[in-house]
Amino acid sequence: MLRITITNRPEGVTLALEGRLAGPWVHELAGCWKTIGNASAICVQLDAVTFIDAAGKALLRTMHDEGAVLAASGCMTRAILEEIGR
């Protein structure tokens, strides 16, 4: 399961993710991404993500390439973000 909390602020939009970014939940996040894709600044907060599969990594890479800022504090998610940033 994945919970996506969208917060709109004057400085931009934050997507806070909680749970597993895998399977059908990747498609759910992709849908959210498309609906807010025209925001000036987008931050994706991954602190509460417990697992990311290959499709989830690919989506995060796309989001990063399209200008989203990816943020995480956990060891696993930080390692994935370092891989995406290369």
# chains A, B, ... in the order shown; residues from 1 in each chain; ligands from 1
call {"tool": "residues_around", "arguments": {"residues": "A:Trp25", "least_positions_apart": "3", "cutoff": "9 Å", "atoms": "only C-alpha atoms", "output": "ChimeraX atom specification"}}
result
/A:1-3,20-22,28-30,56
call {"tool": "residues_around", "arguments": {"residues": "stretch 35-42 of chain A", "least_positions_apart": "6", "cutoff": "8 Å", "atoms": "only C-alpha atoms", "output": "list in words"}}
result
Glu11, Gly12, Val13, Thr14, Leu15, Gly67, Ala68 and Val69 of chain A
call {"tool": "write_last_selection", "arguments": {"atoms": "C-alpha atoms", "output": "CSV table (one decimal), in the first residue's frame"}}
result
chain,number,residue,atom,x,y,z
A,11,GLU,CA,6.6,27.9,-2.9
A,12,GLY,CA,5.5,24.7,-4.7
A,13,VAL,CA,3.9,21.3,-4.3
A,14,THR,CA,5.1,18.5,-2.0
A,15,LEU,CA,4.2,14.8,-2.5
A,67,GLY,CA,12.7,18.7,-12.4
A,68,ALA,CA,11.2,17.2,-9.2
A,69,VAL,CA,13.4,17.4,-6.1
call {"tool": "residues_around", "arguments": {"residues": "stretch 71-81 of chain A", "least_positions_apart": "3", "cutoff": "7 Å", "atoms": "only C-alpha atoms", "output": "mmCIF file with N, CA and C atoms, in the first residue's frame"}}
result
data_model
loop_
_atom_site.group_PDB
_atom_site.id
_atom_site.type_symbol
_atom_site.label_atom_id
_atom_site.label_comp_id
_atom_site.auth_asym_id
_atom_site.auth_seq_id
_atom_site.Cartn_x
_atom_site.Cartn_y
_atom_site.Cartn_z
ATOM 1 N N VAL A 44 9.358 15.603 -3.780
ATOM 2 C CA VAL A 44 8.825 14.283 -3.451
ATOM 3 C C VAL A 44 9.546 13.815 -2.194
ATOM 4 N N GLN A 45 8.807 13.698 -1.101
ATOM 5 C CA GLN A 45 9.354 13.325 0.197
ATOM 6 C C GLN A 45 9.189 11.812 0.395
ATOM 7 N N LEU A 46 10.316 11.116 0.530
ATOM 8 C CA LEU A 46 10.327 9.649 0.584
ATOM 9 C C LEU A 46 10.694 9.104 1.961
ATOM 10 N N ASP A 47 10.658 9.920 3.005
ATOM 11 C CA ASP A 47 11.091 9.479 4.333
ATOM 12 C C ASP A 47 10.343 8.247 4.837
ATOM 13 N N ILE A 84 19.971 7.418 -8.597
ATOM 14 C CA ILE A 84 19.180 8.168 -9.573
ATOM 15 C C ILE A 84 19.912 9.443 -9.979
ATOM 16 N N GLY A 85 20.581 10.085 -9.025
ATOM 17 C CA GLY A 85 21.262 11.342 -9.294
ATOM 18 C C GLY A 85 22.524 11.229 -10.129
#
call {"tool": "atom_distance", "arguments": {"atom1": "atom CA of A:Arg86", "atom2": "atom CA of A:Leu59"}}
result
15.3 Å
call {"tool": "closest_residue", "arguments": {"among": "A:Val26, A:Ile4, A:Glu82, A:His64", "to": "A:Phe51", "atoms": "only C-alpha atoms"}}
result
A:Val26
call {"tool": "select_by_dssp", "arguments": {"residues": "chain A", "states": "helix (DSSP H, G or I)", "output": "ChimeraX atom specification"}}
result
/A:24-36,54-65,75-85
call {"tool": "write_last_selection", "arguments": {"atoms": "C-alpha atoms", "output": "compact mmCIF listing (two decimals), in the first residue's frame"}}
result
# COMPACT_ATOMS: atom_id res chain seq x y z
CA PRO A 24 0.13 -0.92 -8.84
CA TRP A 25 1.20 1.89 -6.51
CA VAL A 26 3.79 3.04 -9.05
CA HIS A 27 0.95 3.65 -11.52
CA GLU A 28 -0.96 5.56 -8.83
CA LEU A 29 2.02 7.87 -8.20
CA ALA A 30 2.48 8.35 -11.95
CA GLY A 31 -1.13 9.55 -12.16
CA CYS A 32 -0.57 12.04 -9.34
CA TRP A 33 2.62 13.23 -11.02
CA LYS A 34 0.77 13.92 -14.27
CA THR A 35 -1.91 15.95 -12.51
CA ILE A 36 0.60 18.26 -10.79
CA ALA A 54 12.44 -1.39 -10.28
CA ALA A 55 9.36 0.32 -11.75
CA GLY A 56 9.27 2.70 -8.77
CA LYS A 57 12.95 3.56 -9.30
CA ALA A 58 12.28 4.21 -12.98
CA LEU A 59 9.38 6.55 -12.14
CA LEU A 60 11.48 8.43 -9.58
CA ARG A 61 14.23 8.81 -12.19
CA THR A 62 11.69 10.26 -14.65
CA MET A 63 10.35 12.63 -12.01
CA HIS A 64 13.90 13.72 -11.15
CA ASP A 65 14.76 14.22 -14.83
CA CYS A 75 19.59 4.66 4.31
CA MET A 76 17.81 2.61 1.63
CA THR A 77 16.00 5.52 0.04
CA ARG A 78 19.05 7.79 0.16
CA ALA A 79 21.08 5.11 -1.64
CA ILE A 80 18.42 4.86 -4.33
CA LEU A 81 18.35 8.65 -4.73
CA GLU A 82 22.15 8.72 -5.06
CA GLU A 83 21.86 6.12 -7.81
CA ILE A 84 19.18 8.17 -9.57
CA GLY A 85 21.26 11.34 -9.29
call {"tool": "closest_residue", "arguments": {"among": "A:Glu18, A:Leu70, A:Gly23, A:Thr5", "to": "A:Thr50", "atoms": "only C-alpha atoms"}}
result
A:Glu18
call {"tool": "select_by_dssp", "arguments": {"residues": "stretch 19-73 of chain A", "states": "strand (DSSP E)", "output": "list in words"}}
result
Gly19, Arg20, Leu21, Ile42, Cys43, Val44, Gln45, Leu46, Asp47, Ala48, Val49, Thr50, Phe51, Ile52, Val69, Leu70 and Ala71 of chain A
